[in-house]
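*Asks:* I'm passing along target32.cif; it holds mmCIF, C-alpha atoms.
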```cif
data_query
loop_
_atom_site.group_PDB
_atom_site.id
_atom_site.type_symbol
_atom_site.label_atom_id
_atom_site.label_comp_id
_atom_site.auth_asym_id
_atom_site.auth_seq_id
_atom_site.Cartn_x
_atom_site.Cartn_y
_atom_site.Cartn_z
ATOM 1 C CA MET A 1 0.000 0.000 0.000
ATOM 2 C CA ASN A 2 1.340 3.380 -1.054
ATOM 3 C CA ARG A 3 1.473 5.561 2.055
ATOM 4 C CA PRO A 4 1.718 8.366 2.679
ATOM 5 C CA ARG A 5 1.065 10.026 -0.648
ATOM 6 C CA PRO A 6 0.035 13.482 -1.878
ATOM 7 C CA VAL A 7 -3.497 13.594 -3.312
ATOM 8 C CA ALA A 8 -4.186 17.328 -3.755
ATOM 9 C CA ARG A 9 -2.516 20.677 -3.167
ATOM 10 C CA GLY A 10 -1.441 20.731 0.457
ATOM 11 C CA VAL A 11 -3.055 17.343 1.191
ATOM 12 C CA ASP A 12 -1.371 14.022 2.015
ATOM 13 C CA LEU A 13 -3.228 10.716 2.526
ATOM 14 C CA PHE A 14 -2.318 7.976 5.016
ATOM 15 C CA PRO A 15 -4.541 4.856 4.984
ATOM 16 C CA ALA A 16 -4.477 2.781 8.174
ATOM 17 C CA ARG A 17 -6.110 -0.523 9.069
ATOM 18 C CA THR A 18 -9.259 -0.124 11.170
ATOM 19 C CA PRO A 19 -12.257 -2.170 12.383
ATOM 20 C CA THR A 20 -14.501 -0.852 9.627
ATOM 21 C CA LEU A 21 -17.351 -2.403 7.648
ATOM 22 C CA PRO A 22 -16.272 -4.726 4.809
ATOM 23 C CA PRO A 23 -15.337 -4.605 2.030
ATOM 24 C CA ALA A 24 -13.372 -1.622 3.361
ATOM 25 C CA THR A 25 -10.378 -2.542 5.529
ATOM 26 C CA HIS A 26 -8.726 0.848 6.070
ATOM 27 C CA THR A 27 -9.671 4.403 7.005
ATOM 28 C CA ASN A 28 -7.868 7.299 5.349
ATOM 29 C CA SER A 29 -6.236 9.968 7.477
ATOM 30 C CA TYR A 30 -5.337 13.272 5.850
ATOM 31 C CA ALA A 31 -2.694 15.902 6.555
ATOM 32 C CA LEU A 32 -3.992 19.287 5.403
ATOM 33 C CA GLY A 33 -1.612 22.216 4.988
ATOM 34 C CA GLU A 34 1.854 22.884 3.580
ATOM 35 C CA ARG A 35 3.347 24.586 6.653
ATOM 36 C CA GLU A 36 0.724 24.479 9.386
ATOM 37 C CA VAL A 37 -0.877 21.032 9.337
ATOM 38 C CA LEU A 38 -4.271 19.773 10.475
ATOM 39 C CA LEU A 39 -4.447 15.987 10.903
ATOM 40 C CA VAL A 40 -7.897 14.576 10.088
ATOM 41 C CA GLU A 41 -9.295 11.107 10.961
ATOM 42 C CA PRO A 42 -7.095 9.706 13.796
ATOM 43 C CA ALA A 43 -8.649 6.378 12.999
ATOM 44 C CA THR A 44 -6.580 3.331 13.815
ATOM 45 C CA PRO A 45 -6.670 1.544 17.208
ATOM 46 C CA HIS A 46 -4.026 -1.024 16.171
ATOM 47 C CA GLU A 47 -0.594 -0.612 17.779
ATOM 48 C CA ASP A 48 1.446 -1.459 14.675
ATOM 49 C CA GLU A 49 -0.560 0.989 12.578
ATOM 50 C CA GLN A 50 -0.372 3.627 15.308
ATOM 51 C CA ARG A 51 3.435 3.428 15.236
ATOM 52 C CA GLU A 52 3.422 4.036 11.473
ATOM 53 C CA TRP A 53 0.901 6.871 11.855
ATOM 54 C CA LEU A 54 3.013 8.564 14.531
ATOM 55 C CA ALA A 55 6.133 8.244 12.402
ATOM 56 C CA TRP A 56 4.259 9.916 9.555
ATOM 57 C CA ALA A 57 3.084 12.785 11.772
ATOM 58 C CA ARG A 58 6.458 13.256 13.460
ATOM 59 C CA GLY A 59 8.186 13.190 10.106
ATOM 60 C CA MET A 60 6.219 16.253 9.057
ATOM 61 C CA ALA A 61 7.161 18.037 12.272
ATOM 62 C CA SER A 62 10.862 17.191 11.831
ATOM 63 C CA ALA A 63 10.674 18.594 8.289
ATOM 64 C CA GLY A 64 9.641 21.998 9.656
ATOM 65 C CA ARG A 65 5.882 21.696 9.327
ATOM 66 C CA LYS A 66 3.873 22.651 12.409
ATOM 67 C CA LEU A 67 1.191 20.243 13.574
ATOM 68 C CA VAL A 68 -1.756 22.368 14.735
ATOM 69 C CA ALA A 69 -4.507 19.957 15.804
ATOM 70 C CA ILE A 70 -6.310 16.680 15.183
ATOM 71 C CA ALA A 71 -9.801 16.928 13.665
ATOM 72 C CA LEU A 72 -12.581 14.343 13.771
ATOM 73 C CA THR A 73 -15.155 14.032 11.003
ATOM 74 C CA HIS A 74 -17.527 12.108 13.323
ATOM 75 C CA HIS A 75 -17.646 9.715 16.275
ATOM 76 C CA HIS A 76 -17.682 6.232 14.722
ATOM 77 C CA VAL A 77 -15.062 3.844 16.041
ATOM 78 C CA ASP A 78 -13.310 3.373 12.687
ATOM 79 C CA HIS A 79 -12.632 7.142 12.633
ATOM 80 C CA VAL A 80 -11.537 7.887 16.200
ATOM 81 C CA GLY A 81 -9.798 4.713 17.373
ATOM 82 C CA GLY A 82 -6.478 6.500 17.849
ATOM 83 C CA ALA A 83 -7.695 9.992 18.744
ATOM 84 C CA ALA A 84 -6.848 10.058 22.457
ATOM 85 C CA PHE A 85 -3.564 8.213 21.931
ATOM 86 C CA PHE A 86 -2.351 10.455 19.106
ATOM 87 C CA ALA A 87 -3.430 13.644 20.872
ATOM 88 C CA GLU A 88 -1.400 12.703 23.942
ATOM 89 C CA ALA A 89 1.606 11.389 22.010
ATOM 90 C CA LEU A 90 1.830 14.489 19.831
ATOM 91 C CA GLY A 91 0.630 17.040 22.397
ATOM 92 C CA LEU A 92 -2.137 18.232 20.071
ATOM 93 C CA PRO A 93 -5.672 19.473 20.756
ATOM 94 C CA VAL A 94 -8.662 17.651 19.278
ATOM 95 C CA TRP A 95 -11.302 19.504 17.279
ATOM 96 C CA ALA A 96 -14.780 18.172 16.474
ATOM 97 C CA HIS A 97 -18.408 19.180 16.169
ATOM 98 C CA ALA A 98 -20.229 19.488 19.496
ATOM 99 C CA GLU A 99 -22.493 16.543 18.606
ATOM 100 C CA THR A 100 -19.412 14.388 18.065
ATOM 101 C CA ALA A 101 -17.778 15.550 21.285
ATOM 102 C CA ALA A 102 -20.926 14.681 23.248
ATOM 103 C CA ARG A 103 -20.630 11.081 22.044
ATOM 104 C CA LEU A 104 -16.936 10.782 22.920
ATOM 105 C CA PRO A 105 -16.571 11.771 26.589
ATOM 106 C CA GLU A 106 -13.272 9.878 26.769
ATOM 107 C CA ILE A 107 -11.664 12.163 24.145
ATOM 108 C CA PRO A 108 -10.731 15.705 25.258
ATOM 109 C CA VAL A 109 -12.248 17.870 22.504
ATOM 110 C CA THR A 110 -11.019 21.427 23.041
ATOM 111 C CA ARG A 111 -12.617 23.192 20.068
ATOM 112 C CA TYR A 112 -16.076 22.735 18.602
ATOM 113 C CA LEU A 113 -16.200 22.976 14.816
ATOM 114 C CA VAL A 114 -19.145 25.054 13.603
ATOM 115 C CA ASP A 115 -20.851 25.012 10.214
ATOM 116 C CA GLY A 116 -19.630 27.843 8.000
ATOM 117 C CA GLU A 117 -16.530 28.754 9.987
ATOM 118 C CA ALA A 118 -13.156 28.975 8.244
ATOM 119 C CA LEU A 119 -9.941 27.350 9.429
ATOM 120 C CA THR A 120 -6.863 29.024 7.971
ATOM 121 C CA LEU A 121 -3.553 27.158 7.848
ATOM 122 C CA ALA A 122 -0.444 29.283 7.294
ATOM 123 C CA GLY A 123 1.865 28.335 4.449
ATOM 124 C CA PRO A 124 3.485 29.604 1.236
ATOM 125 C CA GLU A 125 -0.123 30.027 0.169
ATOM 126 C CA PRO A 126 -2.477 30.069 3.177
ATOM 127 C CA GLN A 127 -4.971 27.218 3.024
ATOM 128 C CA ARG A 128 -8.517 28.159 4.004
ATOM 129 C CA LEU A 129 -10.780 25.290 4.989
ATOM 130 C CA GLN A 130 -14.536 25.777 5.257
ATOM 131 C CA VAL A 131 -16.250 23.658 7.910
ATOM 132 C CA LEU A 132 -19.445 22.024 6.665
ATOM 133 C CA HIS A 133 -21.729 20.358 9.190
ATOM 134 C CA THR A 134 -23.193 17.464 7.189
ATOM 135 C CA PRO A 135 -25.398 15.317 9.444
ATOM 136 C CA GLY A 136 -27.300 12.326 8.151
ATOM 137 C CA HIS A 137 -24.743 9.564 8.510
ATOM 138 C CA ALA A 138 -23.906 10.800 12.013
ATOM 139 C CA PRO A 139 -25.297 13.796 13.937
ATOM 140 C CA GLY A 140 -21.947 15.553 14.274
ATOM 141 C CA HIS A 141 -20.480 14.699 10.871
ATOM 142 C CA VAL A 142 -18.364 17.447 9.306
ATOM 143 C CA CYS A 143 -16.596 17.871 5.988
ATOM 144 C CA LEU A 144 -13.731 20.273 5.299
ATOM 145 C CA PHE A 145 -13.629 22.112 1.964
ATOM 146 C CA ASP A 146 -10.624 23.890 0.487
ATOM 147 C CA GLU A 147 -12.472 26.174 -1.909
ATOM 148 C CA ASP A 148 -9.298 27.478 -3.580
ATOM 149 C CA GLY A 149 -7.754 24.039 -4.095
ATOM 150 C CA GLY A 150 -11.065 22.307 -4.761
ATOM 151 C CA ALA A 151 -10.441 19.436 -2.335
ATOM 152 C CA LEU A 152 -13.247 18.211 -0.080
ATOM 153 C CA VAL A 153 -12.470 15.974 2.911
ATOM 154 C CA ALA A 154 -15.697 13.987 2.779
ATOM 155 C CA GLY A 155 -15.497 11.611 5.748
ATOM 156 C CA ASP A 156 -18.310 9.071 5.463
ATOM 157 C CA MET A 157 -20.599 11.060 3.186
ATOM 158 C CA VAL A 158 -19.426 8.954 0.228
ATOM 159 C CA ALA A 159 -16.916 6.170 -0.314
ATOM 160 C CA SER A 160 -15.034 4.746 -3.274
ATOM 161 C CA VAL A 161 -15.026 1.322 -1.613
ATOM 162 C CA GLY A 162 -18.021 -0.107 0.252
ATOM 163 C CA THR A 163 -21.205 1.787 0.994
ATOM 164 C CA ILE A 164 -22.482 4.344 3.490
ATOM 165 C CA LEU A 165 -24.810 3.029 6.177
ATOM 166 C CA ILE A 166 -27.594 5.267 7.474
ATOM 167 C CA ALA A 167 -28.473 3.589 10.770
ATOM 168 C CA PRO A 168 -31.722 4.514 12.557
ATOM 169 C CA GLY A 169 -31.161 6.138 15.906
ATOM 170 C CA GLU A 170 -28.242 8.294 14.825
ATOM 171 C CA GLY A 171 -28.632 8.434 11.055
ATOM 172 C CA ASP A 172 -31.281 10.409 9.183
ATOM 173 C CA MET A 173 -31.921 9.551 5.536
ATOM 174 C CA LYS A 174 -33.760 12.788 4.766
ATOM 175 C CA GLU A 175 -30.926 14.891 6.193
ATOM 176 C CA TYR A 176 -28.290 12.741 4.501
ATOM 177 C CA LEU A 177 -29.816 13.258 1.060
ATOM 178 C CA ALA A 178 -30.127 17.002 1.668
ATOM 179 C CA GLN A 179 -26.453 17.210 2.608
ATOM 180 C CA LEU A 180 -25.406 15.218 -0.469
ATOM 181 C CA GLU A 181 -27.266 17.773 -2.592
ATOM 182 C CA ARG A 182 -25.401 20.507 -0.738
ATOM 183 C CA LEU A 183 -22.045 18.862 -1.434
ATOM 184 C CA ALA A 184 -22.941 18.408 -5.099
ATOM 185 C CA GLY A 185 -23.305 22.176 -5.386
ATOM 186 C CA LEU A 186 -19.871 23.045 -4.022
ATOM 187 C CA GLY A 187 -17.960 22.633 -7.268
ATOM 188 C CA ALA A 188 -15.320 20.449 -5.602
ATOM 189 C CA ARG A 189 -12.678 19.062 -7.951
ATOM 190 C CA VAL A 190 -11.812 16.062 -5.798
ATOM 191 C CA ALA A 191 -13.515 14.367 -2.845
ATOM 192 C CA LEU A 192 -11.290 12.692 -0.271
ATOM 193 C CA PRO A 193 -13.335 9.933 1.378
ATOM 194 C CA ALA A 194 -12.504 8.041 4.545
ATOM 195 C CA HIS A 195 -12.636 4.747 2.654
ATOM 196 C CA GLY A 196 -11.057 4.190 -0.759
ATOM 197 C CA ASP A 197 -9.241 6.316 -3.292
ATOM 198 C CA PRO A 198 -9.811 10.006 -4.022
ATOM 199 C CA ILE A 199 -12.836 10.706 -6.221
ATOM 200 C CA GLU A 200 -12.280 13.006 -9.185
ATOM 201 C CA ALA A 201 -15.181 15.218 -10.330
ATOM 202 C CA PRO A 202 -17.267 14.159 -7.319
ATOM 203 C CA GLU A 203 -20.445 16.076 -8.197
ATOM 204 C CA ALA A 204 -21.553 13.161 -10.377
ATOM 205 C CA LEU A 205 -21.027 10.697 -7.525
ATOM 206 C CA PHE A 206 -22.971 12.828 -5.037
ATOM 207 C CA LYS A 207 -25.882 12.964 -7.472
ATOM 208 C CA HIS A 208 -25.595 9.229 -8.135
ATOM 209 C CA TYR A 209 -25.847 8.547 -4.404
ATOM 210 C CA VAL A 210 -29.011 10.639 -4.200
ATOM 211 C CA ALA A 211 -30.543 8.966 -7.261
ATOM 212 C CA HIS A 212 -29.679 5.490 -5.961
ATOM 213 C CA ARG A 213 -31.257 6.151 -2.562
ATOM 214 C CA LEU A 214 -34.391 7.618 -4.134
ATOM 215 C CA LEU A 215 -34.666 4.586 -6.405
ATOM 216 C CA ARG A 216 -34.488 2.345 -3.336
ATOM 217 C CA GLU A 217 -37.107 4.533 -1.658
ATOM 218 C CA ALA A 218 -39.391 4.022 -4.662
ATOM 219 C CA ARG A 219 -39.012 0.268 -4.208
ATOM 220 C CA VAL A 220 -40.024 0.644 -0.560
ATOM 221 C CA VAL A 221 -43.157 2.545 -1.591
ATOM 222 C CA ALA A 222 -43.947 -0.082 -4.231
ATOM 223 C CA ALA A 223 -43.536 -2.890 -1.689
ATOM 224 C CA LEU A 224 -45.941 -1.179 0.716
ATOM 225 C CA ALA A 225 -48.428 -0.398 -2.051
ATOM 226 C CA GLY A 226 -48.380 -4.003 -3.209
ATOM 227 C CA ARG A 227 -49.759 -5.153 0.119
ATOM 228 C CA GLY A 228 -53.130 -3.502 -0.404
ATOM 229 C CA GLY A 229 -53.130 -1.731 2.937
ATOM 230 C CA VAL A 230 -51.905 -4.726 4.945
ATOM 231 C CA ALA A 231 -49.101 -3.661 7.296
ATOM 232 C CA ALA A 232 -45.727 -5.389 7.031
ATOM 233 C CA GLY A 233 -42.674 -5.706 9.221
ATOM 234 C CA LEU A 234 -39.053 -5.048 8.346
ATOM 235 C CA ASP A 235 -38.144 -8.694 7.818
ATOM 236 C CA ALA A 236 -40.857 -9.175 5.224
ATOM 237 C CA LEU A 237 -40.052 -5.922 3.471
ATOM 238 C CA VAL A 238 -36.301 -6.365 3.314
ATOM 239 C CA ALA A 239 -36.650 -9.611 1.348
ATOM 240 C CA GLU A 240 -38.621 -7.734 -1.303
ATOM 241 C CA VAL A 241 -36.947 -4.336 -1.352
ATOM 242 C CA TYR A 242 -33.430 -5.794 -1.285
ATOM 243 C CA ALA A 243 -34.050 -8.894 -3.379
ATOM 244 C CA ASP A 244 -31.241 -7.688 -5.667
ATOM 245 C CA THR A 245 -28.625 -7.902 -2.895
ATOM 246 C CA PRO A 246 -26.974 -10.988 -1.364
ATOM 247 C CA ARG A 247 -28.859 -12.402 1.604
ATOM 248 C CA GLU A 248 -25.775 -12.097 3.827
ATOM 249 C CA VAL A 249 -25.997 -8.289 3.682
ATOM 250 C CA TRP A 250 -29.686 -8.190 4.602
ATOM 251 C CA PRO A 251 -28.967 -7.409 8.271
ATOM 252 C CA LEU A 252 -27.327 -4.139 7.149
ATOM 253 C CA ALA A 253 -29.958 -3.660 4.466
ATOM 254 C CA ARG A 254 -32.610 -3.937 7.186
ATOM 255 C CA LEU A 255 -31.107 -0.867 8.865
ATOM 256 C CA SER A 256 -31.159 1.066 5.594
ATOM 257 C CA LEU A 257 -34.734 -0.047 4.983
ATOM 258 C CA GLU A 258 -35.800 1.307 8.356
ATOM 259 C CA ALA A 259 -34.026 4.597 7.599
ATOM 260 C CA HIS A 260 -35.980 4.848 4.327
ATOM 261 C CA LEU A 261 -39.257 4.114 6.118
ATOM 262 C CA LEU A 262 -38.556 6.761 8.734
ATOM 263 C CA LYS A 263 -37.909 9.271 5.950
ATOM 264 C CA LEU A 264 -41.181 8.292 4.277
ATOM 265 C CA GLU A 265 -42.889 8.783 7.639
ATOM 266 C CA GLN A 266 -41.339 12.265 7.897
ATOM 267 C CA ASP A 267 -42.597 12.978 4.379
ATOM 268 C CA GLY A 268 -46.124 11.832 5.297
ATOM 269 C CA LYS A 269 -45.966 8.893 2.874
ATOM 270 C CA ALA A 270 -45.790 5.962 5.320
ATOM 271 C CA ARG A 271 -46.963 5.232 8.842
ATOM 272 C CA ARG A 272 -46.776 2.588 11.542
ATOM 273 C CA ASP A 273 -49.675 0.748 13.096
ATOM 274 C CA ALA A 274 -50.065 -0.002 16.801
ATOM 275 C CA GLU A 275 -47.743 -3.016 16.485
ATOM 276 C CA GLY A 276 -45.030 -1.016 14.719
ATOM 277 C CA GLN A 277 -45.741 -2.559 11.316
ATOM 278 C CA TRP A 278 -45.459 -0.364 8.242
ATOM 279 C CA MET A 279 -47.981 0.695 5.597
ATOM 280 C CA LEU A 280 -48.544 3.576 3.244
ATOM 281 C CA ALA A 281 -50.025 6.654 4.858
ATOM 282 C CA GLY A 282 -53.678 7.318 4.217
ATOM 283 C CA PRO A 283 -57.001 5.753 5.207
ATOM 284 C CA ARG A 284 -56.608 2.787 7.536
ATOM 285 C CA LEU A 285 -57.784 -0.226 5.514
ATOM 286 C CA VAL A 286 -56.427 -3.269 7.345
ATOM 287 C CA THR A 287 -54.558 -3.160 10.650
#
```
Take the structure from the file and write it as structure tokens.

*Replies:*
Amino acid sequence: MNRPRPVARGVDLFPARTPTLPPATHTNSYALGEREVLLVEPATPHEDEQREWLAWARGMASAGRKLVAIALTHHHVDHVGGAAFFAEALGLPVWAHAETAARLPEIPVTRYLVDGEALTLAGPEPQRLQVLHTPGHAPGHVCLFDEDGGALVAGDMVASVGTILIAPGEGDMKEYLAQLERLAGLGARVALPAHGDPIEAPEALFKHYVAHRLLREARVVAALAGRGGVAAGLDALVAEVYADTPREVWPLARLSLEAHLLKLEQDGKARRDAEGQWMLAGPRLVT
């Protein structure tokens, strides 16, 4: 594996092994800045990978670059597994959205990242990063956008390997789709995901993600409509809505299905009966 490697102006990528969802096996960390450096995604909990990660970070410092802070895109374990360790080893503060910090009481977050604020890193050409609060996958998810360079650190909004899970309870499909539309309008030249290679011309991928999810939503509506007003549970629906996916992924698909149903409920298109079974919204025909 080629690491570290430059992937955009003032951006280096370091993939490290993490306990993430297959088929992904690694989470990408990024070093942003040519002189002052912000380290994003302190992901790995594995000691051998942590040694390599530290050597990478310390190598930048020994080359005259100043490490400023460690930033978290969100709270999931495959993104923060080394956060406390790296912060202590390098003597760096940790920055994150307040919603992320609230879910990580064991990590000393010293600065809350706020939607719309700018982080400026000094260098031959100062690098200005816009903070974008992009909930949907996780309540405190943030992206960082270098408008001048065109690079977007995308976290788990998209991936070039694997898929993005919207899990009920902390995920929100409606919000996720809205934030993908927002990202599509940025004009980014490259998206830097947490899993997989950089994505050139990412607007098309953002729009593809939205179209794919809406197509799946249409299949959910069709499955409910085909029951003639008879309510159905998740297990029955997943077999129909995700018939095109391998059965072994149905447990994850079941979570996505529920996220779609909750969005349809928000939109006034689906409802639950007294037993928590699902049907299209409208006159109660059969309960």

*Asks:* Do you know which residues the PyMOL selection byres ((chain A and resi 188) around 10) returns on this file, as a list of chain:residue names?

*Replies:*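 After applying the PyMOL selection byres ((chain A and resi 188) around 10), what remains is A:Phe145, A:Asp146, A:Glu147, A:Asp148, A:Gly149, A:Gly150, A:Ala151, A:Leu152, A:Leu183, A:Ala184, A:Gly185, A:Leu186, A:Gly187, A:Arg189, A:Val190, A:Ala191, A:Glu200, A:Ala201, A:Pro202, A:Glu203.
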
*Asks:* Go through A:Asp197, A:Glu99, A:Glu170, A:Glu125 one by one, measure the shortest atom-to-atom distance of each to A:Gly33 using all atoms listed in the file, and give the residue with the smallest value.

*Replies:*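 Smallest separation from A:Gly33 among the options: A:Glu125.
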
*Asks:* Would you mind telling me which residue in A:Glu106, A:His26, A:Arg216, A:Gly268 lies nearest to A:Val161 when using all atoms listed in the file?

*Replies:*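 Ranking A:Glu106, A:His26, A:Arg216, A:Gly268 by distance to A:Val161, first place goes to A:His26.
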
*Asks:* Can you pull out the residues contacting A:Arg17? Cut-off 8 Å, using all atoms listed in the file, and skip same-chain residues under 2 positions away; I want them as a list in words.

*Replies:*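 Once the adjacent positions are removed, what remains is Pro15, Pro19, Thr25, His26, Thr27, Thr44, His46 and Glu49 of chain A.
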
*Asks:* Find the distance between atom CA of A:Gly10 and atom CA of A:Gln127 and write it in Å to one decimal.

*Replies:*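 So the two atoms, atom CA of A:Gly10 and atom CA of A:Gln127, lie 7.8 Å apart.
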
*Asks:* Just checking: using only C-alpha atoms, which residue out of A:Val238, A:Ala211, A:Leu38, A:Leu205 ends up closest to A:Thr120?

*Replies:*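 For A:Thr120, the nearest of the given residues is A:Leu38.
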
*Asks:* Using all atoms listed in the file, find the one residue out of A:Leu257, A:Ala83, A:Ala102, A:Leu13 that sits nearest to A:Ala218.

*Replies:*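 Result for the nearest residue to A:Ala218: A:Leu257.
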
*Asks:* Nearest residue to A:Gly162 out of A:Gly276, A:Gly196, A:Val221, A:Ala89, using all atoms listed in the file?

*Replies:* A:Gly196

*Asks:* Would you compute, for all listed atoms of stretch 91-96 of chain A, the axis-aligned bounding box grown by 8 Å on each side, and then report its centre and edge lengths in Å rounded to one decimal, as JSON?

*Replies:*
```
{"center_x": -7.1, "center_y": 18.3, "center_z": 19.4, "size_x": 31.4, "size_y": 18.5, "size_z": 21.9}
```

*Asks:* Do you know which residues are at most 12 Å from stretch 58-61 of chain A counting only C-alpha atoms, after dropping those on the same chain fewer than 5 positions away, and could you put them as a list in words?

*Replies:*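 Once the adjacent positions are removed, what remains is Pro4, Asp12, Ala31, Leu32, Gly33, Glu34, Arg35, Glu36, Val37, Leu38, Leu39, Gln50, Arg51, Glu52, Trp53, Lys66, Leu67, Val68, Phe86, Ala89, Leu90, Gly91 and Leu92 of chain A.
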